[in-house]
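Printed here is input_7.cif (mmCIF, C-alpha atoms and all ligand atoms):
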```
data_coords
loop_
_atom_site.label_atom_id
_atom_site.label_comp_id
_atom_site.auth_asym_id
_atom_site.auth_seq_id
_atom_site.Cartn_x
_atom_site.Cartn_y
_atom_site.Cartn_z
CA MET A 9 56.15 -41.40 -1.80
CA THR A 10 57.90 -40.02 1.28
CA LYS A 11 56.15 -37.14 2.93
CA ARG A 12 57.28 -33.81 1.52
CA TRP A 13 56.92 -31.91 4.80
CA THR A 14 57.25 -32.38 8.52
CA GLN A 15 55.24 -29.31 9.46
CA ARG A 16 52.38 -27.79 7.54
CA PRO A 17 51.23 -24.17 7.58
CA PRO A 18 48.83 -23.48 10.46
CA GLY A 19 45.24 -23.80 9.31
CA SER A 20 46.18 -25.62 6.12
CA THR A 21 44.70 -28.83 4.67
CA TRP A 22 48.05 -30.28 3.57
CA GLY A 23 47.94 -34.06 3.81
CA ASP A 24 44.20 -34.27 4.52
CA TRP A 25 43.75 -36.23 1.28
CA GLY A 26 47.11 -38.00 1.40
CA ASP A 27 50.79 -37.28 0.99
CA ASP A 28 50.61 -37.06 -2.81
CA ASP A 29 47.34 -35.16 -3.08
CA GLU A 30 47.33 -32.42 -5.73
CA LEU A 31 43.70 -31.29 -5.44
CA GLY A 32 43.13 -30.01 -1.91
CA ARG A 33 39.53 -28.97 -1.36
CA ILE A 34 38.73 -29.70 -5.00
CA ASN A 35 38.36 -33.20 -3.54
CA LEU A 36 35.09 -31.96 -2.03
CA LEU A 37 33.56 -32.02 -5.52
CA THR A 38 32.32 -35.55 -4.84
CA PRO A 39 29.71 -37.51 -6.85
CA GLU A 40 27.17 -36.38 -4.24
CA LYS A 41 28.14 -32.76 -4.82
CA VAL A 42 27.70 -33.21 -8.58
CA LEU A 43 24.25 -34.66 -7.92
CA GLU A 44 23.43 -31.68 -5.71
CA GLY A 45 24.35 -29.50 -8.66
CA VAL A 46 22.31 -31.59 -11.09
CA ARG A 47 19.28 -31.30 -8.78
CA GLU A 48 19.44 -27.52 -9.27
CA VAL A 49 18.69 -27.92 -12.99
CA GLN A 50 15.03 -27.03 -13.43
CA ALA A 51 14.72 -24.73 -16.44
CA GLY A 52 17.27 -26.38 -18.73
CA ARG A 53 18.94 -23.07 -19.57
CA SER A 54 22.69 -22.72 -19.86
CA PHE A 55 24.80 -19.60 -19.40
CA CYS A 56 28.31 -19.11 -20.75
CA LEU A 57 30.41 -17.63 -17.94
CA SER A 58 33.41 -16.65 -20.07
CA LEU A 59 34.29 -13.30 -21.51
CA PRO A 60 35.50 -13.38 -25.11
CA LEU A 61 39.14 -14.29 -24.44
CA ASP A 62 40.48 -11.15 -26.15
CA TYR A 63 38.93 -9.05 -23.36
CA PRO A 64 39.87 -6.93 -21.38
CA GLY A 65 41.96 -5.74 -24.35
CA GLY A 66 45.47 -4.26 -24.30
CA THR A 67 47.74 -4.60 -21.28
CA ALA A 68 46.34 -1.96 -18.94
CA LEU A 69 45.30 -4.60 -16.42
CA ASN A 70 48.56 -6.55 -16.35
CA GLN A 71 51.60 -5.67 -18.44
CA ARG A 72 52.94 -9.23 -18.27
CA ARG A 73 49.82 -10.64 -19.87
CA PRO A 74 49.36 -9.51 -23.48
CA PRO A 75 46.19 -10.24 -25.46
CA PRO A 76 45.99 -13.48 -27.46
CA ARG A 77 47.49 -13.53 -30.96
CA LEU A 78 45.91 -15.84 -33.52
CA ALA A 79 47.76 -16.76 -36.70
CA PRO A 80 47.56 -19.42 -39.38
CA THR A 81 49.94 -22.35 -39.00
CA GLU A 82 52.72 -22.83 -41.49
CA ASP A 83 51.80 -24.07 -44.93
CA MET A 84 52.65 -27.59 -46.15
CA ASP A 85 55.85 -26.24 -47.74
CA GLY A 86 56.91 -24.71 -44.41
CA THR A 87 56.00 -21.08 -45.16
CA PRO A 88 55.10 -19.65 -41.76
CA GLY A 89 51.68 -18.19 -41.08
CA THR A 90 50.08 -19.02 -44.43
CA PHE A 91 47.80 -22.01 -43.90
CA PHE A 92 44.56 -20.09 -44.39
CA ASN A 93 41.96 -20.59 -47.14
CA VAL A 94 44.24 -23.19 -48.70
CA HIS A 95 42.79 -24.93 -51.78
CA MET A 96 43.76 -28.58 -51.63
CA SER A 97 43.42 -28.74 -55.38
CA GLU A 98 46.42 -26.40 -55.64
CA MET A 99 48.56 -27.73 -52.80
CA PRO A 100 52.11 -28.82 -53.61
CA ASP A 101 53.06 -32.47 -53.02
CA TRP A 102 49.90 -34.19 -51.92
CA GLY A 103 47.36 -31.76 -53.41
CA ASP A 104 45.22 -33.04 -56.31
CA PRO A 105 43.04 -31.08 -58.79
CA ARG A 106 40.14 -33.39 -57.96
CA TYR A 107 40.01 -32.25 -54.32
CA VAL A 108 37.34 -29.67 -53.47
CA ASP A 109 38.47 -28.97 -49.89
CA VAL A 110 39.54 -25.52 -48.65
CA TRP A 111 41.41 -25.55 -45.33
CA VAL A 112 42.36 -23.37 -42.39
CA ASP A 113 44.58 -24.29 -39.42
CA ASP A 114 45.56 -21.83 -36.75
CA VAL A 115 47.80 -21.34 -33.75
CA VAL A 116 47.43 -19.03 -30.76
CA THR A 117 49.93 -17.31 -28.51
CA LEU A 118 47.92 -16.99 -25.34
CA SER A 119 48.70 -15.71 -21.88
CA LEU A 120 46.78 -18.31 -19.91
CA GLN A 121 45.60 -15.75 -17.36
CA TYR A 122 44.67 -12.96 -19.75
CA SER A 123 40.91 -13.23 -19.41
CA THR A 124 38.37 -15.63 -17.87
CA GLN A 125 40.62 -18.09 -16.07
CA TRP A 126 41.40 -20.54 -13.33
CA ASP A 127 44.41 -20.18 -11.05
CA SER A 128 45.67 -23.69 -10.27
CA LEU A 129 47.27 -24.60 -6.95
CA ALA A 130 50.61 -24.17 -8.72
CA HIS A 131 50.01 -20.43 -9.24
CA VAL A 132 51.11 -19.13 -5.83
CA GLY A 133 53.27 -20.77 -3.15
CA ALA A 134 55.20 -19.26 -0.25
CA GLU A 135 58.50 -19.21 1.60
CA PHE A 136 57.79 -21.62 4.45
CA ASP A 137 59.86 -23.99 6.59
CA ALA A 138 58.11 -27.19 5.53
CA ASP A 139 60.89 -29.58 6.59
CA GLY A 140 61.23 -28.06 10.06
CA ASP A 141 64.96 -27.35 9.84
CA GLY A 142 64.57 -23.68 10.72
CA VAL A 143 65.15 -22.54 7.13
CA GLU A 144 62.33 -21.46 4.83
CA GLU A 145 62.10 -22.93 1.36
CA ALA A 146 59.82 -22.08 -1.57
CA VAL A 147 56.94 -24.54 -1.44
CA TYR A 148 53.48 -24.89 -2.89
CA TYR A 149 50.33 -26.71 -1.76
CA ASN A 150 51.00 -29.97 0.12
CA GLY A 151 54.72 -29.27 0.21
CA TYR A 152 55.50 -29.53 -3.49
CA ARG A 153 58.85 -27.82 -3.96
CA ALA A 154 60.03 -25.05 -6.21
CA GLY A 155 62.98 -26.33 -8.22
CA ILE A 156 61.97 -29.98 -7.82
CA ASP A 157 58.25 -30.26 -8.49
CA LEU A 158 57.78 -26.89 -10.16
CA VAL A 159 60.80 -26.38 -12.35
CA GLY A 160 61.48 -23.14 -14.17
CA PRO A 161 62.81 -22.78 -17.69
CA GLN A 162 66.48 -23.48 -16.96
CA ALA A 163 68.30 -25.42 -19.67
CA ASP A 164 67.77 -29.16 -19.68
CA ALA A 165 65.41 -28.96 -16.71
CA ALA A 166 63.94 -32.36 -17.48
CA GLY A 167 67.15 -33.97 -18.75
CA ASP A 168 65.81 -33.89 -22.27
CA GLY A 169 68.13 -31.33 -23.82
CA GLY A 170 65.95 -28.42 -22.82
CA GLN A 171 63.02 -29.50 -24.99
CA HIS A 172 60.69 -30.03 -22.08
CA THR A 173 58.23 -27.17 -21.65
CA SER A 174 56.03 -28.52 -18.87
CA PHE A 175 57.13 -26.57 -15.83
CA ALA A 176 54.66 -27.57 -13.13
CA HIS A 177 55.40 -31.28 -12.79
CA HIS A 178 52.87 -31.27 -9.96
CA LEU A 179 49.73 -29.28 -9.14
CA GLY A 180 49.25 -28.23 -12.79
CA MET A 181 45.97 -27.71 -14.61
CA GLU A 182 45.74 -31.27 -15.88
CA HIS A 183 44.63 -32.37 -12.42
CA MET A 184 41.72 -29.95 -12.30
CA ALA A 185 40.80 -30.78 -15.91
CA TYR A 186 40.79 -34.52 -15.24
CA GLN A 187 38.72 -34.00 -12.08
CA GLY A 188 36.23 -32.06 -14.22
CA MET A 189 35.40 -29.09 -11.96
CA GLN A 190 31.71 -29.85 -11.91
CA GLY A 191 29.35 -29.45 -8.97
CA ARG A 192 27.00 -26.98 -7.34
CA GLY A 193 27.70 -23.30 -7.87
CA VAL A 194 26.35 -20.63 -5.52
CA LEU A 195 26.28 -17.00 -6.59
CA VAL A 196 26.48 -13.99 -4.28
CA ASP A 197 25.32 -10.83 -6.05
CA LEU A 198 27.52 -8.09 -4.57
CA ALA A 199 26.92 -5.81 -7.57
CA HIS A 200 23.15 -5.72 -6.98
CA HIS A 201 23.53 -4.58 -3.38
CA LEU A 202 26.75 -2.57 -3.48
CA GLY A 203 26.91 -1.17 -7.02
CA HIS A 204 30.05 -0.80 -9.11
CA ASP A 205 32.06 1.44 -6.79
CA TRP A 206 35.61 0.35 -5.95
CA ARG A 207 35.53 -0.94 -2.40
CA GLY A 208 36.63 -3.86 -0.27
CA VAL A 209 34.06 -6.26 1.11
CA GLY A 210 34.69 -7.72 4.54
CA LEU A 211 32.88 -10.59 6.20
CA ASP A 212 30.08 -8.50 7.74
CA THR A 213 29.06 -7.06 4.38
CA LEU A 214 29.38 -10.40 2.62
CA LEU A 215 27.10 -12.06 5.16
CA GLU A 216 24.60 -9.17 4.97
CA VAL A 217 24.36 -9.53 1.20
CA MET A 218 24.00 -13.30 1.48
CA ALA A 219 21.28 -12.95 4.12
CA ALA A 220 19.39 -10.40 2.03
CA ASP A 221 19.19 -12.90 -0.83
CA ASP A 222 18.83 -16.07 1.30
CA VAL A 223 22.13 -17.43 0.00
CA VAL A 224 23.46 -20.45 1.85
CA VAL A 225 26.89 -21.93 1.15
CA GLU A 226 27.60 -25.54 2.10
CA PRO A 227 30.85 -27.54 2.15
CA GLY A 228 31.98 -28.50 -1.34
CA ASP A 229 30.06 -25.70 -3.09
CA MET A 230 31.86 -23.49 -5.60
CA LEU A 231 31.28 -19.88 -4.54
CA LEU A 232 30.92 -17.19 -7.22
CA LEU A 233 31.01 -13.45 -6.49
CA HIS A 234 29.28 -11.13 -8.96
CA THR A 235 30.82 -7.66 -8.69
CA GLY A 236 30.01 -6.24 -12.14
CA PHE A 237 33.70 -5.98 -13.11
CA ALA A 238 33.46 -8.23 -16.19
CA THR A 239 30.29 -6.43 -17.26
CA GLU A 240 32.22 -3.14 -17.20
CA ILE A 241 35.11 -4.75 -19.07
CA LEU A 242 32.78 -5.92 -21.82
CA ALA A 243 31.33 -2.42 -22.14
CA MET A 244 34.84 -0.97 -22.57
CA ASP A 245 35.04 -2.89 -25.87
CA ARG A 246 38.71 -3.96 -25.65
CA GLU A 247 39.88 -0.41 -24.87
CA PRO A 248 39.81 -0.30 -21.09
CA ASP A 249 40.31 2.96 -19.26
CA PRO A 250 43.74 2.36 -17.62
CA VAL A 251 42.74 4.08 -14.38
CA ARG A 252 39.18 2.86 -14.04
CA ILE A 253 40.12 -0.75 -14.70
CA HIS A 254 42.06 -0.68 -11.40
CA THR A 255 39.46 1.29 -9.45
CA MET A 256 36.07 -0.21 -10.17
CA CYS A 257 33.72 -2.67 -8.49
CA THR A 258 34.03 -4.60 -5.28
CA TYR A 259 36.67 -7.09 -4.17
CA LEU A 260 37.21 -9.19 -1.07
CA ASP A 261 39.06 -7.30 1.65
CA ALA A 262 41.85 -9.68 2.62
CA ARG A 263 42.81 -7.50 5.59
CA ASP A 264 39.68 -8.77 7.34
CA GLU A 265 40.93 -11.79 9.29
CA ALA A 266 37.34 -12.86 10.02
CA LEU A 267 36.73 -13.13 6.27
CA LEU A 268 39.76 -15.41 5.86
CA GLU A 269 38.52 -17.57 8.73
CA TRP A 270 35.07 -17.78 7.10
CA ILE A 271 36.56 -18.86 3.74
CA ASN A 272 38.35 -21.66 5.57
CA ALA A 273 35.38 -22.69 7.72
CA SER A 274 32.92 -22.65 4.80
CA GLN A 275 34.85 -25.48 3.11
CA ILE A 276 34.11 -24.19 -0.38
CA SER A 277 35.80 -26.16 -3.16
CA ALA A 278 36.50 -23.11 -5.36
CA LEU A 279 36.39 -19.33 -4.99
CA ILE A 280 35.45 -17.44 -8.12
CA ALA A 281 34.79 -13.81 -9.01
CA ASP A 282 34.16 -11.76 -12.11
CA ASN A 283 36.85 -9.29 -11.02
CA TYR A 284 40.62 -9.22 -11.56
CA ALA A 285 41.96 -11.15 -8.58
CA VAL A 286 39.00 -11.98 -6.26
CA GLU A 287 40.75 -9.90 -3.58
CA GLY A 288 42.04 -6.34 -3.87
CA LEU A 289 45.69 -5.49 -4.38
CA THR A 290 45.49 -3.45 -1.21
CA GLY A 291 48.42 -5.05 0.63
CA ARG A 292 49.26 -4.62 4.29
CA ASP A 293 51.92 -1.98 3.90
CA ARG A 294 52.03 -0.95 7.55
CA ASP A 295 52.45 -4.54 8.80
CA PRO A 296 56.13 -4.98 9.81
CA SER A 297 55.87 -8.80 10.02
CA ARG A 298 56.43 -11.09 7.04
CA HIS A 299 53.16 -11.56 5.21
CA SER A 300 51.62 -12.40 1.87
CA PHE A 301 51.00 -9.70 -0.74
CA LEU A 302 47.74 -11.47 -1.67
CA PRO A 303 46.44 -13.13 1.52
CA ILE A 304 43.44 -14.79 -0.14
CA HIS A 305 45.71 -16.30 -2.80
CA ASN A 306 47.96 -17.50 0.02
CA LEU A 307 45.05 -18.94 1.99
CA CYS A 308 43.27 -20.59 -0.92
CA LEU A 309 46.04 -21.75 -3.26
CA PHE A 310 48.87 -22.39 -0.79
CA LYS A 311 47.11 -23.49 2.40
CA LEU A 312 43.66 -24.89 1.59
CA GLY A 313 43.93 -26.12 -2.00
CA VAL A 314 41.01 -23.98 -3.20
CA PRO A 315 41.47 -22.84 -6.82
CA LEU A 316 40.59 -19.27 -7.74
CA GLY A 317 38.48 -18.28 -10.72
CA GLU A 318 38.96 -14.76 -12.03
CA MET A 319 37.32 -12.49 -14.58
CA TRP A 320 34.41 -14.86 -15.10
CA TYR A 321 31.43 -13.26 -16.85
CA LEU A 322 28.45 -13.50 -14.51
CA HIS A 323 26.09 -10.74 -15.67
CA GLU A 324 23.40 -12.76 -17.43
CA LEU A 325 23.47 -15.59 -14.90
CA ALA A 326 23.12 -13.13 -11.99
CA THR A 327 20.21 -11.38 -13.72
CA TRP A 328 18.39 -14.66 -14.36
CA LEU A 329 18.95 -15.94 -10.84
CA ARG A 330 17.59 -12.71 -9.36
CA GLU A 331 14.51 -12.83 -11.57
CA HIS A 332 13.87 -16.37 -10.39
CA GLU A 333 14.83 -15.81 -6.73
CA ARG A 334 17.57 -18.40 -6.92
CA SER A 335 21.28 -18.51 -6.15
CA ARG A 336 22.26 -22.13 -6.95
CA PHE A 337 22.95 -23.96 -10.21
CA LEU A 338 24.97 -26.72 -11.80
CA LEU A 339 28.44 -25.44 -12.64
CA THR A 340 30.69 -27.18 -15.16
CA ALA A 341 34.06 -25.47 -15.54
CA PRO A 342 36.99 -27.62 -16.68
CA PRO A 343 40.21 -25.82 -17.51
CA LEU A 344 42.37 -26.88 -20.46
CA ARG A 345 43.89 -30.31 -19.91
CA LEU A 346 47.29 -28.85 -20.59
CA PRO A 347 49.95 -30.67 -18.56
CA GLY A 348 52.14 -28.37 -16.53
CA ALA A 349 50.04 -25.24 -17.03
CA VAL A 350 49.67 -23.00 -13.99
CA GLY A 351 46.72 -20.93 -15.19
CA SER A 352 44.10 -21.74 -17.78
CA PRO A 353 41.29 -20.13 -19.70
CA THR A 354 37.95 -21.78 -19.08
CA THR A 355 34.52 -21.60 -20.67
CA PRO A 356 32.37 -22.34 -17.62
CA ILE A 357 28.74 -23.28 -18.13
CA ALA A 358 26.08 -22.66 -15.52
CA THR A 359 22.92 -24.71 -15.99
CA VAL A 360 19.80 -23.60 -14.12
C1 LIG B 1 47.17 -11.01 -9.93
O1 LIG B 1 47.94 -11.03 -10.87
C2 LIG B 1 47.07 -9.86 -9.01
O2 LIG B 1 46.32 -12.03 -9.65
P1 LIG B 1 46.27 -13.36 -10.49
O3 LIG B 1 47.69 -13.78 -10.78
O4 LIG B 1 45.57 -14.33 -9.62
O5 LIG B 1 45.54 -13.06 -11.75
#
```

For the structure just supplied, provide its representation as structure tokens.
Amino acid sequence: MTKRWTQRPPGSTWGDWGDDDELGRINLLTPEKVLEGVREVQAGRSFCLSLPLDYPGGTALNQRRPPPRLAPTEDMDGTPGTFFNVHMSEMPDWGDPRYVDVWVDDVVTLSLQYSTQWDSLAHVGAEFDADGDGVEEAVYYNGYRAGIDLVGPQADAAGDGGQHTSFAHHLGMEHMAYQGMQGRGVLVDLAHHLGHDWRGVGLDTLLEVMAADDVVVEPGDMLLLHTGFATEILAMDREPDPVRIHTMCTYLDARDEALLEWINASQISALIADNYAVEGLTGRDRDPSRHSFLPIHNLCLFKLGVPLGEMWYLHELATWLREHERSRFLLTAPPLRLPGAVGSPTTPIATV
């Protein structure tokens, strides 16, 4: 493959794992890193780090992401939405009175980023002059191009009469799923030290909290931030307060340049939080230069190849770790192996 770029964004890892790399710092989840995670397993207890996928409920958090809709598949005679409690003894065509089976099949319409989720490297790119001709183009991690490698739903995009529905031909979830997303997780308990007030956390505060709990992050670790957001969401019982859901718990303050430098220097393989977007939607409105709306998304997904986990449910894990004066565990968090998907629900398991 010819190189997709002649200049890479400053401070990026593009090309560090080859011209065709689609994993970025996920590559740091090496066999040794998995073993480091396995060595953290001492009690044999597992924690589910997913919310029920129909939380937060409604669309107050994001109007483009409706809650999942489950329905039965169509029946054998093609009647839509009826294949539920079907007696095979009574089925037309290949049913038989001797059969005792009763069947259900279902289908889901699911916004892949509605609830506990991964953002793949295909989720956010940027306008950047990757080919050095003085003109910016829309590119994603390692120079994969909008319109070529990530193709939108225009007719006949794949030359197959418009039937093709896999839009991210590169950087999609299948790469993370195949890799496995397993290794050592390290949890920082912001909620314990800072409470559930809505506030940004810069590097100084993050390091203070980590020092207070003796938390050490090493290259290749997956870093998890417990803010209490998902705990609050669960308590709202699928009817979130539309104001409070946007004004509760802590988030990373992306305006703190030192924090961005630390994320880069720490060489984490994934950045995960129990809140909406890891960082706040606080913007840099007074900055007249061109900049990213979500600088941590830009840094992690576009420049470094660090996937983001959002709205993970960390309450019980954080409680157990605190009781046992620990912060590390084995984390196993594959997304759906759904080719072309940009986001994905996940049911992460922490084993302690
Ligand atoms: C936002 O929508 C703000 O973040 P994400 O797409 O990562 O969920």

Using only C-alpha atoms and all ligand atoms, which residues have at least one atom no more than 7 Å from ligand LIG 1 (chain B)? Output them as a PDB file with C-alpha atoms, in the frame of the given file.
```pdb
ATOM      1  CA  GLN A 121      45.600 -15.750 -17.360  1.00  0.00           C
ATOM      2  CA  ASP A 127      44.410 -20.180 -11.050  1.00  0.00           C
ATOM      3  CA  TYR A 284      40.620  -9.220 -11.560  1.00  0.00           C
ATOM      4  CA  ALA A 285      41.960 -11.150  -8.580  1.00  0.00           C
ATOM      5  CA  LEU A 289      45.690  -5.490  -4.380  1.00  0.00           C
ATOM      6  CA  GLU A 318      38.960 -14.760 -12.030  1.00  0.00           C
TER       7      GLU A 318
END
```

Residues within 12 Å of Ser352 in chain A, all atoms listed in the file, excluding chain neighbours under 3 positions, as a ChimeraX atom specification: /A:61,118-131,180-185,315-319,341-349,355-356

Polymer residues at most 9 Å from Leu339 in chain A, all atoms listed in the file, same-chain spacing of 4 or more positions, as a list of chain:residue names: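 What passes the distance filter is A:Val42, A:Gly45, A:Val46, A:Met189, A:Gln190, A:Gly191, A:Arg192, A:Gly193, A:Val194, A:Met230, A:Pro356, A:Ile357, A:Ala358, A:Thr359, A:Val360.
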
Between CA of Glu265 in chain A and CA of Lys311 in chain A, distance in Å (one decimal):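 That distance, rounded to one decimal, is 14.9 Å.
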
Contacts of Val108 in chain A at 10 Å (only C-alpha atoms; same-chain gap of 4+ positions) as number ranges by chain: A: 95-98, 104

Computed interatomic separation between CA of Asp221 in chain A and CA of Gly32 in chain A (Å): 29.4 Å

Six-sided padding of 3 Å per side, axis-aligned box over range 301-317 of chain A, centre and edges in Å, one decimal, as AutoDock Vina command-line options:
```
--center_x 44.7 --center_y -17.9 --center_z -4.2 --size_x 18.5 --size_y 22.4 --size_z 19.1
```

Distance in Å - CA of Asp229 in chain A versus CA of Ser277 in chain A: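 Spanning CA of Asp229 in chain A to CA of Ser277 in chain A is a straight-line distance of 5.8 Å.
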
Residue with smallest distance to Glu145 in chain A - pool A:Arg12, A:Ala238, A:Asp83, A:Gly52, counting only C-alpha atoms: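 Of A:Arg12, A:Ala238, A:Asp83, A:Gly52, the one nearest Glu145 in chain A is A:Arg12, counting only C-alpha atoms.
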
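Remark: for Tyr321 in chain A, the closest of the candidate residues A:Pro248, A:Gly236, A:Pro161, A:Gly155 is A:Gly236 (distances computed over all atoms listed in the file).
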
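Using only C-alpha atoms, the nearest neighbour of Trp111 in chain A within the list A:Leu31, A:Met84, A:Leu329, A:Ala281 is A:Met84.
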
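Among the candidates A:Asp114, A:Asp24, A:Cys257, A:Val350, the residue lying nearest to Gly160 in chain A is A:Val350 (atoms considered: all atoms listed in the file).
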
Residue nearest Thr258 in chain A among A:Arg207, A:Asp29, A:Asn306, A:Thr290 (counting all atoms listed in the file): A:Arg207

Spatial sel., origin (45.7, -4.9, -17.2), limit 12 Å, all atoms listed in the file, listed as a ChimeraX atom specification: /A:63-75,121-123,241,246-255,283-285,319
